[in-house]
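File shown: data38.cif. Contents: mmCIF, C-alpha atoms.
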data_target
loop_
_atom_site.label_atom_id
_atom_site.label_comp_id
_atom_site.auth_asym_id
_atom_site.auth_seq_id
_atom_site.Cartn_x
_atom_site.Cartn_y
_atom_site.Cartn_z
CA MET A 1 -117.73 -42.81 130.34
CA ASN A 2 -117.09 -39.09 130.02
CA SER A 3 -114.31 -39.06 127.46
CA LEU A 4 -112.13 -41.02 125.12
CA ASN A 5 -109.43 -40.93 127.80
CA ASP A 6 -111.80 -42.83 130.11
CA LEU A 7 -112.38 -45.38 127.36
CA TRP A 8 -108.68 -46.17 127.07
CA THR A 9 -107.89 -46.17 130.82
CA SER A 10 -110.90 -48.33 131.72
CA ASN A 11 -109.50 -51.26 129.77
CA ALA A 12 -113.01 -51.75 128.35
CA LEU A 13 -111.90 -52.32 124.75
CA ILE A 14 -109.27 -54.85 125.79
CA GLN A 15 -111.84 -56.72 127.86
CA ALA A 16 -114.43 -56.55 125.06
CA ALA A 17 -111.91 -58.13 122.70
CA GLY A 18 -111.46 -61.02 125.11
CA LEU A 19 -107.81 -60.27 125.66
CA PRO A 20 -106.04 -61.21 128.89
CA GLY A 21 -105.75 -58.63 131.64
CA GLN A 22 -102.98 -56.09 131.12
CA ASN A 23 -100.39 -54.95 133.64
CA CYS A 24 -98.99 -51.42 133.94
CA PRO A 25 -96.61 -51.23 136.93
CA ASP A 26 -95.41 -47.95 138.43
CA SER A 27 -91.77 -46.75 138.31
CA THR A 28 -91.47 -48.11 134.79
CA LEU A 29 -90.41 -46.64 131.46
CA TYR A 30 -92.62 -47.77 128.55
CA ILE A 31 -91.20 -47.60 125.01
CA VAL A 32 -94.25 -47.18 122.78
CA GLY A 33 -94.26 -47.61 119.02
CA LEU A 34 -96.54 -45.16 117.17
CA PRO A 35 -97.97 -45.16 113.63
CA ILE A 36 -95.62 -44.14 110.81
CA GLY A 37 -98.33 -42.36 108.84
CA ASN A 38 -101.68 -44.08 109.19
CA LEU A 39 -103.16 -43.38 112.62
CA GLY A 40 -105.29 -46.49 112.25
CA ASP A 41 -102.15 -48.54 112.92
CA ILE A 42 -101.98 -47.56 116.59
CA THR A 43 -102.56 -50.49 118.94
CA LEU A 44 -105.04 -50.88 121.79
CA ARG A 45 -102.17 -51.49 124.18
CA ALA A 46 -100.38 -48.32 123.05
CA LEU A 47 -103.52 -46.23 123.68
CA TRP A 48 -104.01 -47.86 127.07
CA ILE A 49 -100.40 -47.23 128.16
CA LEU A 50 -100.40 -43.64 126.86
CA ALA A 51 -103.64 -42.89 128.72
CA LEU A 52 -102.36 -44.40 131.98
CA ALA A 53 -98.95 -42.71 131.85
CA ASP A 54 -98.14 -39.91 134.26
CA VAL A 55 -95.73 -38.36 131.75
CA VAL A 56 -95.04 -38.91 128.06
CA ALA A 57 -91.43 -38.19 127.04
CA ALA A 58 -91.60 -37.09 123.40
CA GLU A 59 -89.14 -36.30 120.61
CA ASP A 60 -91.32 -33.36 119.51
CA THR A 61 -93.97 -32.43 122.06
CA ARG A 62 -95.99 -30.51 119.45
CA GLU A 63 -96.31 -33.54 117.15
CA THR A 64 -97.07 -35.89 120.03
CA ARG A 65 -99.71 -33.52 121.40
CA LYS A 66 -101.52 -33.63 118.05
CA LEU A 67 -101.65 -37.43 118.19
CA LEU A 68 -102.76 -37.52 121.82
CA ASP A 69 -105.48 -34.94 121.14
CA LYS A 70 -106.71 -37.07 118.24
CA PHE A 71 -107.41 -39.90 120.66
CA GLY A 72 -108.61 -37.69 123.51
CA ILE A 73 -105.65 -38.44 125.78
CA SER A 74 -104.62 -35.76 128.25
CA VAL A 75 -101.19 -36.25 129.83
CA LYS A 76 -98.16 -34.17 130.76
CA LEU A 77 -95.43 -34.02 128.08
CA LEU A 78 -91.66 -33.91 128.54
CA SER A 79 -89.25 -33.03 125.71
CA VAL A 80 -86.61 -35.75 125.19
CA ARG A 81 -84.93 -35.39 121.82
CA GLU A 82 -81.53 -36.17 120.32
CA HIS A 83 -79.82 -33.00 121.53
CA ASN A 84 -81.06 -33.15 125.14
CA GLU A 85 -81.35 -36.91 125.63
CA ARG A 86 -78.84 -37.10 128.48
CA HIS A 87 -80.67 -34.43 130.46
CA GLY A 88 -83.98 -35.97 129.46
CA ALA A 89 -82.85 -39.33 130.81
CA GLU A 90 -82.03 -37.70 134.15
CA GLN A 91 -85.53 -36.20 134.29
CA ILE A 92 -87.10 -39.56 133.47
CA ILE A 93 -85.12 -41.27 136.24
CA GLU A 94 -86.27 -38.64 138.74
CA LEU A 95 -89.88 -39.31 137.75
CA LEU A 96 -89.40 -43.06 138.10
CA GLN A 97 -87.91 -42.53 141.55
CA GLU A 98 -91.19 -40.82 142.45
CA GLY A 99 -93.11 -43.92 141.37
CA LYS A 100 -94.35 -42.43 138.10
CA LYS A 101 -95.18 -44.29 134.91
CA VAL A 102 -93.28 -42.70 131.99
CA THR A 103 -93.85 -43.40 128.31
CA LEU A 104 -91.18 -42.68 125.69
CA VAL A 105 -92.27 -41.98 122.10
CA THR A 106 -90.84 -40.46 118.94
CA ASP A 107 -92.67 -38.59 116.19
CA ALA A 108 -93.42 -41.79 114.30
CA GLY A 109 -92.51 -45.45 114.52
CA THR A 110 -90.52 -47.17 117.24
CA PRO A 111 -88.09 -45.23 119.46
CA CYS A 112 -84.38 -46.12 119.37
CA VAL A 113 -84.55 -47.32 115.73
CA SER A 114 -82.89 -44.47 113.76
CA ASP A 115 -84.58 -42.24 116.33
CA PRO A 116 -83.69 -40.93 119.81
CA GLY A 117 -84.21 -43.08 122.88
CA ALA A 118 -81.41 -45.62 123.17
CA ARG A 119 -79.30 -43.51 125.55
CA ALA A 120 -82.30 -42.83 127.75
CA VAL A 121 -83.20 -46.53 127.85
CA LYS A 122 -79.63 -47.45 128.79
CA ALA A 123 -79.52 -44.84 131.56
CA VAL A 124 -82.86 -45.99 132.99
CA ARG A 125 -81.75 -49.62 133.04
CA GLU A 126 -78.45 -48.70 134.67
CA ALA A 127 -80.40 -46.78 137.33
CA GLY A 128 -82.17 -50.04 138.17
CA PHE A 129 -85.61 -49.33 136.75
CA ARG A 130 -87.70 -51.54 134.51
CA VAL A 131 -88.10 -50.81 130.80
CA ILE A 132 -91.08 -52.34 128.95
CA PRO A 133 -91.33 -52.16 125.15
CA VAL A 134 -94.82 -51.80 123.68
CA PRO A 135 -94.54 -52.95 120.04
CA GLY A 136 -95.82 -50.75 117.27
CA ALA A 137 -95.14 -49.70 113.70
CA SER A 138 -91.61 -49.74 112.29
CA ALA A 139 -90.81 -48.39 108.83
CA VAL A 140 -88.04 -50.91 108.18
CA VAL A 141 -90.16 -53.98 108.99
CA THR A 142 -93.22 -52.60 107.19
CA ALA A 143 -91.16 -51.87 104.08
CA LEU A 144 -89.57 -55.32 104.15
CA SER A 145 -92.98 -56.98 104.31
CA GLY A 146 -94.04 -55.24 101.10
CA ALA A 147 -90.77 -55.40 99.14
CA GLY A 148 -90.45 -59.10 98.42
CA LEU A 149 -86.69 -59.36 98.81
CA ASP A 150 -84.98 -62.65 98.01
CA GLY A 151 -82.64 -62.75 100.99
CA SER A 152 -83.71 -64.53 104.18
CA GLY A 153 -82.02 -61.96 106.44
CA PHE A 154 -81.11 -58.29 106.23
CA THR A 155 -78.96 -55.56 107.71
CA PHE A 156 -80.63 -52.38 108.90
CA VAL A 157 -78.35 -49.44 108.09
CA GLY A 158 -80.72 -46.50 108.48
CA PHE A 159 -79.35 -43.11 107.41
CA VAL A 160 -75.95 -42.97 105.70
CA PRO A 161 -73.80 -39.81 106.05
CA PRO A 162 -75.13 -36.81 104.10
CA GLN A 163 -71.69 -35.71 102.84
CA SER A 164 -70.97 -36.99 99.30
CA LYS A 165 -67.66 -38.74 99.97
CA ALA A 166 -68.75 -40.30 103.24
CA ARG A 167 -72.05 -41.42 101.69
CA ARG A 168 -70.28 -43.10 98.76
CA ASN A 169 -67.83 -44.84 101.08
CA ALA A 170 -70.70 -46.13 103.21
CA LEU A 171 -72.60 -47.40 100.18
CA ALA A 172 -69.50 -49.12 98.83
CA TYR A 173 -69.06 -50.88 102.16
CA TRP A 174 -72.62 -52.19 102.30
CA LEU A 175 -72.76 -53.10 98.61
CA ALA A 176 -69.67 -55.27 99.07
CA ARG A 177 -71.65 -57.47 101.45
CA PRO A 178 -73.94 -60.17 100.00
CA GLU A 179 -76.99 -59.79 102.26
CA PRO A 180 -79.89 -57.37 101.71
CA PHE A 181 -79.71 -54.04 103.53
CA VAL A 182 -82.15 -51.24 104.28
CA LEU A 183 -81.58 -47.48 104.18
CA TYR A 184 -83.63 -44.48 105.28
CA GLU A 185 -83.44 -41.12 103.52
CA ALA A 186 -85.12 -37.72 103.62
CA PRO A 187 -86.71 -36.28 100.45
CA HIS A 188 -84.14 -33.49 99.97
CA ARG A 189 -81.26 -36.03 99.83
CA VAL A 190 -82.88 -39.09 98.27
CA VAL A 191 -81.96 -38.33 94.63
CA ASP A 192 -78.26 -37.93 95.52
CA LEU A 193 -78.39 -41.19 97.45
CA LEU A 194 -80.06 -43.09 94.60
CA GLU A 195 -77.61 -41.72 92.02
CA ASP A 196 -74.63 -42.77 94.13
CA LEU A 197 -76.23 -46.16 94.73
CA ALA A 198 -76.83 -46.68 91.00
CA ALA A 199 -73.21 -45.79 90.18
CA ALA A 200 -71.81 -48.30 92.67
CA MET A 201 -74.12 -51.33 92.56
CA GLU A 202 -74.25 -54.26 90.16
CA PRO A 203 -76.57 -53.45 87.22
CA GLU A 204 -78.60 -56.62 87.81
CA ARG A 205 -78.95 -56.19 91.58
CA ARG A 206 -82.48 -55.34 92.68
CA VAL A 207 -83.53 -52.32 94.74
CA VAL A 208 -86.97 -51.37 96.03
CA VAL A 209 -87.74 -47.72 96.76
CA ALA A 210 -90.62 -47.39 99.23
CA ARG A 211 -92.20 -43.97 99.76
CA GLU A 212 -94.87 -42.64 102.13
CA ILE A 213 -95.44 -46.08 103.66
CA THR A 214 -98.97 -46.58 105.09
CA LYS A 215 -100.08 -43.16 103.77
CA LYS A 216 -102.46 -42.25 100.94
CA PHE A 217 -99.73 -41.94 98.30
CA GLU A 218 -97.70 -44.98 99.33
CA THR A 219 -95.59 -46.44 96.51
CA PHE A 220 -93.20 -49.37 96.13
CA SER A 221 -90.96 -49.15 93.04
CA SER A 222 -88.94 -52.26 92.17
CA LEU A 223 -85.90 -51.55 89.98
CA THR A 224 -82.54 -52.91 88.96
CA GLY A 225 -79.28 -51.07 89.45
CA ALA A 226 -79.23 -50.35 85.73
CA GLU A 227 -82.64 -48.66 85.91
CA LEU A 228 -82.13 -46.74 89.13
CA ALA A 229 -80.31 -43.60 87.90
CA GLU A 230 -82.87 -42.84 85.18
CA TRP A 231 -85.75 -43.45 87.61
CA ALA A 232 -84.17 -41.10 90.18
CA ALA A 233 -83.66 -38.37 87.56
CA LEU A 234 -87.35 -38.45 86.61
CA HIS A 235 -88.67 -38.84 90.15
CA GLU A 236 -90.01 -35.89 92.13
CA PRO A 237 -88.97 -36.42 95.76
CA ARG A 238 -91.80 -36.27 98.26
CA GLY A 239 -92.22 -37.80 101.68
CA GLU A 240 -89.98 -40.14 103.62
CA TYR A 241 -88.13 -43.00 101.90
CA VAL A 242 -87.04 -46.52 102.71
CA ILE A 243 -84.57 -47.96 100.20
CA LEU A 244 -84.20 -51.74 100.23
CA VAL A 245 -81.26 -53.29 98.38
CA ASP A 246 -81.72 -57.00 97.69
CA GLU A 247 -79.05 -59.64 98.13
CA ALA A 248 -76.13 -59.53 95.74
CA PRO A 249 -76.52 -61.62 92.57
CA ALA A 250 -74.78 -64.98 92.70
CA LYS A 251 -71.29 -64.95 91.22
CA ASP A 252 -69.86 -67.68 89.06
CA ASN A 253 -66.89 -68.85 91.12
CA ALA A 254 -66.13 -71.91 89.01
CA LEU A 255 -62.51 -72.17 87.89
CA SER A 256 -62.00 -71.89 84.14
CA GLU A 257 -59.94 -74.35 82.13
CA ASP A 258 -57.13 -71.78 81.93
CA ASP A 259 -57.27 -71.32 85.73
CA ILE A 260 -57.00 -75.08 86.23
CA ARG A 261 -54.07 -75.47 83.83
CA TRP A 262 -52.21 -72.66 85.59
CA LEU A 263 -52.90 -74.14 89.02
CA ARG A 264 -51.72 -77.58 87.96
CA ALA A 265 -48.50 -76.06 86.65
CA MET A 266 -47.87 -74.22 89.93
CA MET A 267 -48.92 -76.94 92.37
CA SER A 268 -45.39 -78.33 92.65
CA GLU A 269 -43.84 -74.88 93.05
CA LEU A 270 -45.82 -73.45 96.01
CA PRO A 271 -47.59 -74.73 99.13
CA SER A 272 -51.34 -75.01 98.65
CA SER A 273 -52.19 -72.23 101.09
CA LYS A 274 -49.81 -69.75 99.45
CA LEU A 275 -50.84 -70.78 95.93
CA ALA A 276 -54.51 -70.33 96.84
CA ALA A 277 -53.82 -66.80 98.07
CA VAL A 278 -51.90 -65.88 94.91
CA ALA A 279 -54.52 -67.47 92.63
CA ALA A 280 -57.33 -65.65 94.40
CA LYS A 281 -55.70 -62.32 93.56
CA VAL A 282 -55.09 -63.34 89.96
CA THR A 283 -58.49 -64.91 89.21
CA GLY A 284 -60.76 -62.98 91.54
CA LYS A 285 -62.15 -66.31 92.79
CA PRO A 286 -62.59 -67.00 96.55
CA ARG A 287 -59.37 -68.14 98.22
CA ASP A 288 -61.14 -70.83 100.28
CA GLU A 289 -62.68 -72.43 97.20
CA ILE A 290 -59.34 -72.45 95.36
CA TYR A 291 -57.65 -73.98 98.41
CA GLN A 292 -60.34 -76.68 98.59
CA TRP A 293 -59.79 -77.50 94.89
CA LEU A 294 -56.04 -77.74 95.44
CA CYS A 295 -56.51 -80.12 98.37
CA GLU A 296 -58.84 -82.31 96.34
CA HIS A 297 -56.46 -82.47 93.34
CA LYS A 298 -53.11 -82.65 95.09
CA ASN A 299 -51.01 -85.61 93.92
#
What do you get writing this file as C-alpha cells?
Amino acid sequence: MNSLNDLWTSNALIQAAGLPGQNCPDSTLYIVGLPIGNLGDITLRALWILALADVVAAEDTRETRKLLDKFGISVKLLSVREHNERHGAEQIIELLQEGKKVTLVTDAGTPCVSDPGARAVKAVREAGFRVIPVPGASAVVTALSGAGLDGSGFTFVGFVPPQSKARRNALAYWLARPEPFVLYEAPHRVVDLLEDLAAAMEPERRVVVAREITKKFETFSSLTGAELAEWAALHEPRGEYVILVDEAPAKDNALSEDDIRWLRAMMSELPSSKLAAVAAKVTGKPRDEIYQWLCEHKN
C-alpha cells in the first residue's frame, strides 16, 4: 500500500478486525460523526467512508482539511455551512444525480445536532436519494455518560438565546419541567448563562458543568444550584461547555392538616372538579392529586 488513503479504502483494517463486509453505495449522502476533541475517537467506518467519498461537504473546509490530512485522506471538499445550506443542498443533489458518493461532516461531533446539516438531509431525502448515518462522537451523549444524572431520560436543548431576557425566559421554561436537560454554551457566554441558571433554579437541584470533553484538560464539575453562582464567578472560561441540569428535586405534595380541614369545609359548597382547581391555586399542590383526594373522601 502506497499511502494511508490506500489503507482506509482497501478495507484491510475492517477485514483484519473480523468485521462483516461493508457497503458503500453510489448516489448516497453519508452523515459522518467526527471526534469532538480527541482524534483517537474516530471510527474505522468513518475513515473508510471518508476515503471512499467523491466529495466531502464540510461546515468549515479548512478545519476538515486538517483532519483529513492527519489521516492521509485526499478528497474534494465542498463548503456547506449554516448560511449557505440551501445552496449547498442543491450542489449535493447535483452530485448525487451524477452517481457520486457525498459525505457530510461538521467541525466536530455529529452533523444536524446543534450543527448544520438537517436542511440538507431533508432536501436530499425529498429529492429521492438515500441518506446513511455513520455514527460517531456526540458531545451531549458523551457528557451524559460521564455526568451521572439521576433522571432516566433527558431533553436536549442545545444553545439558548444569547440575549439576556430571551436566555432567562428559556431557562425558566426548561427549569419548570421535571426532567433533566442539556445545554451547550461557548466560553465567552458561559458565565452569564451559569449566573442566570443559578438565579432561577432550585438551590438543591444538581447541575454538572462539563468542559473540554475528551481533550487533555477535560473537567466535570458537579454542583448544586446554591453553589453554582460562586463557582461561575471564580471560574476562568476556556473551551466548549456542556451544562447538564439534573431532574428537579421531588416536591412534597401531601396535603397538610389545614388543607384537609379547609377542603372538608368546602366539599359541600363546590363540585369536586371546581374545588380542586381552586385548592390547587391556594395550596400550590397538583390539581389532579387534590381531585383524587376529594373523590376518595366524598360522602
**OP:** Apply the PyMOL selection byres ((chain A and resi 118) around 12) to the structure shown and report the selected residues as a PyMOL selection string.
**Re:** chain A and resi 31+80-82+85-86+88-89+104-106+110-117+119-125+131
Subject >> Counting all atoms listed in the file, the residue of A:Ile92, A:Val75, A:Leu244, A:Ala46 that sits nearest Ser27 (chain A) >> reply: A:Ile92
Original post:
Restricting the calculation to only C-alpha atoms, which member of A:Ala250, A:Ser164, A:Asp54, A:Trp174 is positioned closest to Arg205 (chain A)?
Top reply: A:Ala250
Original post:
Using all atoms listed in the file, which residues sit within 12 Å of Ala17 (chain A) once same-chain residues fewer than 5 positions away are excluded, as a PyMOL selection string?
Top reply: chain A and resi 11-12+44-45
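Against the coordinates shown, the PyMOL selection byres ((chain A and resi 70) around 12) returns Leu4, Asn5, Leu39, Gly40, Ile42, Leu47, Glu63, Thr64, Arg65, Lys66, Leu67, Leu68, Asp69, Phe71, Gly72, Ile73 and Ser74 of chain A.
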For region 207-293 of chain A against region 136-150 of chain A, with a cut-off of 10 Å and counting all atoms listed in the file, what is the closest atom pair and its distance in Å to one decimal for every residue that makes the cut, ordered by chain and number, as JSON lines?
{"residue": "A:Val207", "atom": "CA", "partner": "A:Leu149", "partner_atom": "CA", "distance": 8.7}
{"residue": "A:Val208", "atom": "CA", "partner": "A:Ala147", "partner_atom": "CA", "distance": 6.4}
{"residue": "A:Val209", "atom": "CA", "partner": "A:Ala147", "partner_atom": "CA", "distance": 8.6}
{"residue": "A:Ala210", "atom": "CA", "partner": "A:Ala143", "partner_atom": "CA", "distance": 6.6}
{"residue": "A:Arg211", "atom": "CA", "partner": "A:Ala143", "partner_atom": "CA", "distance": 9.1}
{"residue": "A:Glu212", "atom": "CA", "partner": "A:Ala139", "partner_atom": "CA", "distance": 9.7}
{"residue": "A:Ile213", "atom": "CA", "partner": "A:Ala143", "partner_atom": "CA", "distance": 7.2}
{"residue": "A:Thr214", "atom": "CA", "partner": "A:Thr142", "partner_atom": "CA", "distance": 8.6}
{"residue": "A:Phe220", "atom": "CA", "partner": "A:Ala147", "partner_atom": "CA", "distance": 7.2}
{"residue": "A:Ser221", "atom": "CA", "partner": "A:Ala147", "partner_atom": "CA", "distance": 8.7}
{"residue": "A:Ser222", "atom": "CA", "partner": "A:Ala147", "partner_atom": "CA", "distance": 7.9}
{"residue": "A:Glu240", "atom": "CA", "partner": "A:Ala139", "partner_atom": "CA", "distance": 9.8}
{"residue": "A:Tyr241", "atom": "CA", "partner": "A:Ala139", "partner_atom": "CA", "distance": 9.2}
{"residue": "A:Val242", "atom": "CA", "partner": "A:Ala143", "partner_atom": "CA", "distance": 6.9}
{"residue": "A:Ile243", "atom": "CA", "partner": "A:Ala143", "partner_atom": "CA", "distance": 8.6}
{"residue": "A:Leu244", "atom": "CA", "partner": "A:Leu144", "partner_atom": "CA", "distance": 7.6}
{"residue": "A:Val245", "atom": "CA", "partner": "A:Leu149", "partner_atom": "CA", "distance": 8.2}
{"residue": "A:Asp246", "atom": "CA", "partner": "A:Leu149", "partner_atom": "CA", "distance": 5.6}
{"residue": "A:Glu247", "atom": "CA", "partner": "A:Asp150", "partner_atom": "CA", "distance": 6.7}
{"residue": "A:Ala248", "atom": "CA", "partner": "A:Asp150", "partner_atom": "CA", "distance": 9.7}
Subject >> d(CA of Ala198 (chain A), CA of Leu228 (chain A)) in Å >> reply: 5.6 Å
Where's the centre, and what are the edge lengths in Å to one decimal, of a box along x, y and z enclosing all listed atoms of region 63-81 of chain A padded 3 Å per side, as JSON?
{"center_x": -96.8, "center_y": -36.5, "center_z": 124.0, "size_x": 29.7, "size_y": 12.9, "size_z": 19.6}
Original post:
Of the residues A:Ala127, A:Ala280, A:Ala16, A:Ala108, which is the one nearest to Thr28 (chain A), using all atoms listed in the file?
Top reply: A:Ala127
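Residue nearest Pro178 (chain A), chosen from A:Met201, A:Val32, A:Cys24, A:Leu193 and counting only C-alpha atoms: A:Met201.
Of note, CA of Pro180 (chain A) and CA of Ser152 (chain A) are spaced 8.5 Å apart.
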With all heavy atoms as the target, complete region 164-174 of chain A and hand it back as a compact mmCIF listing (two decimals), in the frame of the given file.
# COMPACT_ATOMS: atom_id res chain seq x y z
N SER A 164 -71.11 -36.16 100.51
CA SER A 164 -70.97 -36.99 99.30
C SER A 164 -69.94 -38.10 99.47
O SER A 164 -70.22 -39.28 99.22
CB SER A 164 -70.61 -36.12 98.10
OG SER A 164 -71.64 -35.21 97.80
N LYS A 165 -68.72 -37.75 99.87
CA LYS A 165 -67.66 -38.74 99.97
C LYS A 165 -67.97 -39.79 101.02
O LYS A 165 -67.81 -41.01 100.76
CB LYS A 165 -66.32 -38.06 100.29
CG LYS A 165 -65.14 -39.02 100.33
CD LYS A 165 -63.83 -38.30 100.59
CE LYS A 165 -62.67 -39.28 100.63
NZ LYS A 165 -61.37 -38.59 100.89
N ALA A 166 -68.44 -39.35 102.17
CA ALA A 166 -68.75 -40.30 103.24
C ALA A 166 -69.92 -41.20 102.84
O ALA A 166 -69.93 -42.40 103.15
CB ALA A 166 -69.08 -39.55 104.52
N ARG A 167 -70.89 -40.63 102.14
CA ARG A 167 -72.05 -41.42 101.69
C ARG A 167 -71.60 -42.50 100.71
O ARG A 167 -72.00 -43.66 100.81
CB ARG A 167 -73.09 -40.51 101.05
CG ARG A 167 -74.32 -41.27 100.53
CD ARG A 167 -75.39 -40.32 100.00
NE ARG A 167 -74.91 -39.52 98.89
CZ ARG A 167 -74.83 -38.20 98.91
NH1 ARG A 167 -75.20 -37.51 99.99
NH2 ARG A 167 -74.40 -37.53 97.86
N ARG A 168 -70.75 -42.13 99.74
CA ARG A 168 -70.28 -43.10 98.76
C ARG A 168 -69.45 -44.19 99.40
O ARG A 168 -69.54 -45.37 99.03
CB ARG A 168 -69.47 -42.38 97.68
CG ARG A 168 -70.33 -41.51 96.77
CD ARG A 168 -69.50 -40.59 95.91
NE ARG A 168 -70.33 -39.65 95.16
CZ ARG A 168 -69.91 -38.49 94.70
NH1 ARG A 168 -68.65 -38.11 94.92
NH2 ARG A 168 -70.73 -37.71 94.04
N ASN A 169 -68.63 -43.83 100.37
CA ASN A 169 -67.83 -44.84 101.08
C ASN A 169 -68.73 -45.81 101.84
O ASN A 169 -68.48 -47.02 101.85
CB ASN A 169 -66.86 -44.16 102.05
CG ASN A 169 -65.71 -43.46 101.35
OD1 ASN A 169 -65.42 -43.75 100.19
ND2 ASN A 169 -65.06 -42.54 102.03
N ALA A 170 -69.77 -45.27 102.47
CA ALA A 170 -70.70 -46.13 103.21
C ALA A 170 -71.43 -47.08 102.27
O ALA A 170 -71.57 -48.28 102.55
CB ALA A 170 -71.69 -45.27 103.99
N LEU A 171 -71.90 -46.55 101.14
CA LEU A 171 -72.60 -47.40 100.18
C LEU A 171 -71.69 -48.48 99.62
O LEU A 171 -72.11 -49.64 99.46
CB LEU A 171 -73.18 -46.55 99.05
CG LEU A 171 -74.31 -45.59 99.43
CD1 LEU A 171 -74.69 -44.72 98.23
CD2 LEU A 171 -75.52 -46.36 99.94
N ALA A 172 -70.44 -48.13 99.33
CA ALA A 172 -69.50 -49.12 98.83
C ALA A 172 -69.30 -50.25 99.84
O ALA A 172 -69.20 -51.43 99.46
CB ALA A 172 -68.16 -48.45 98.50
N TYR A 173 -69.24 -49.88 101.11
CA TYR A 173 -69.06 -50.88 102.16
C TYR A 173 -70.23 -51.86 102.20
O TYR A 173 -70.04 -53.09 102.21
CB TYR A 173 -68.90 -50.20 103.52
CG TYR A 173 -68.88 -51.16 104.68
CD1 TYR A 173 -67.71 -51.84 105.02
CD2 TYR A 173 -70.03 -51.40 105.42
CE1 TYR A 173 -67.69 -52.74 106.07
CE2 TYR A 173 -70.02 -52.30 106.48
CZ TYR A 173 -68.85 -52.97 106.81
OH TYR A 173 -68.83 -53.86 107.85
N TRP A 174 -71.45 -51.32 102.19
CA TRP A 174 -72.62 -52.19 102.30
C TRP A 174 -72.87 -52.97 101.02
O TRP A 174 -73.31 -54.13 101.07
CB TRP A 174 -73.84 -51.37 102.70
CG TRP A 174 -73.73 -50.80 104.08
CD1 TRP A 174 -73.59 -49.50 104.43
CD2 TRP A 174 -73.71 -51.55 105.30
NE1 TRP A 174 -73.47 -49.37 105.80
CE2 TRP A 174 -73.55 -50.62 106.35
CE3 TRP A 174 -73.80 -52.90 105.61
CZ2 TRP A 174 -73.49 -51.01 107.68
CZ3 TRP A 174 -73.74 -53.30 106.94
CH2 TRP A 174 -73.58 -52.35 107.95
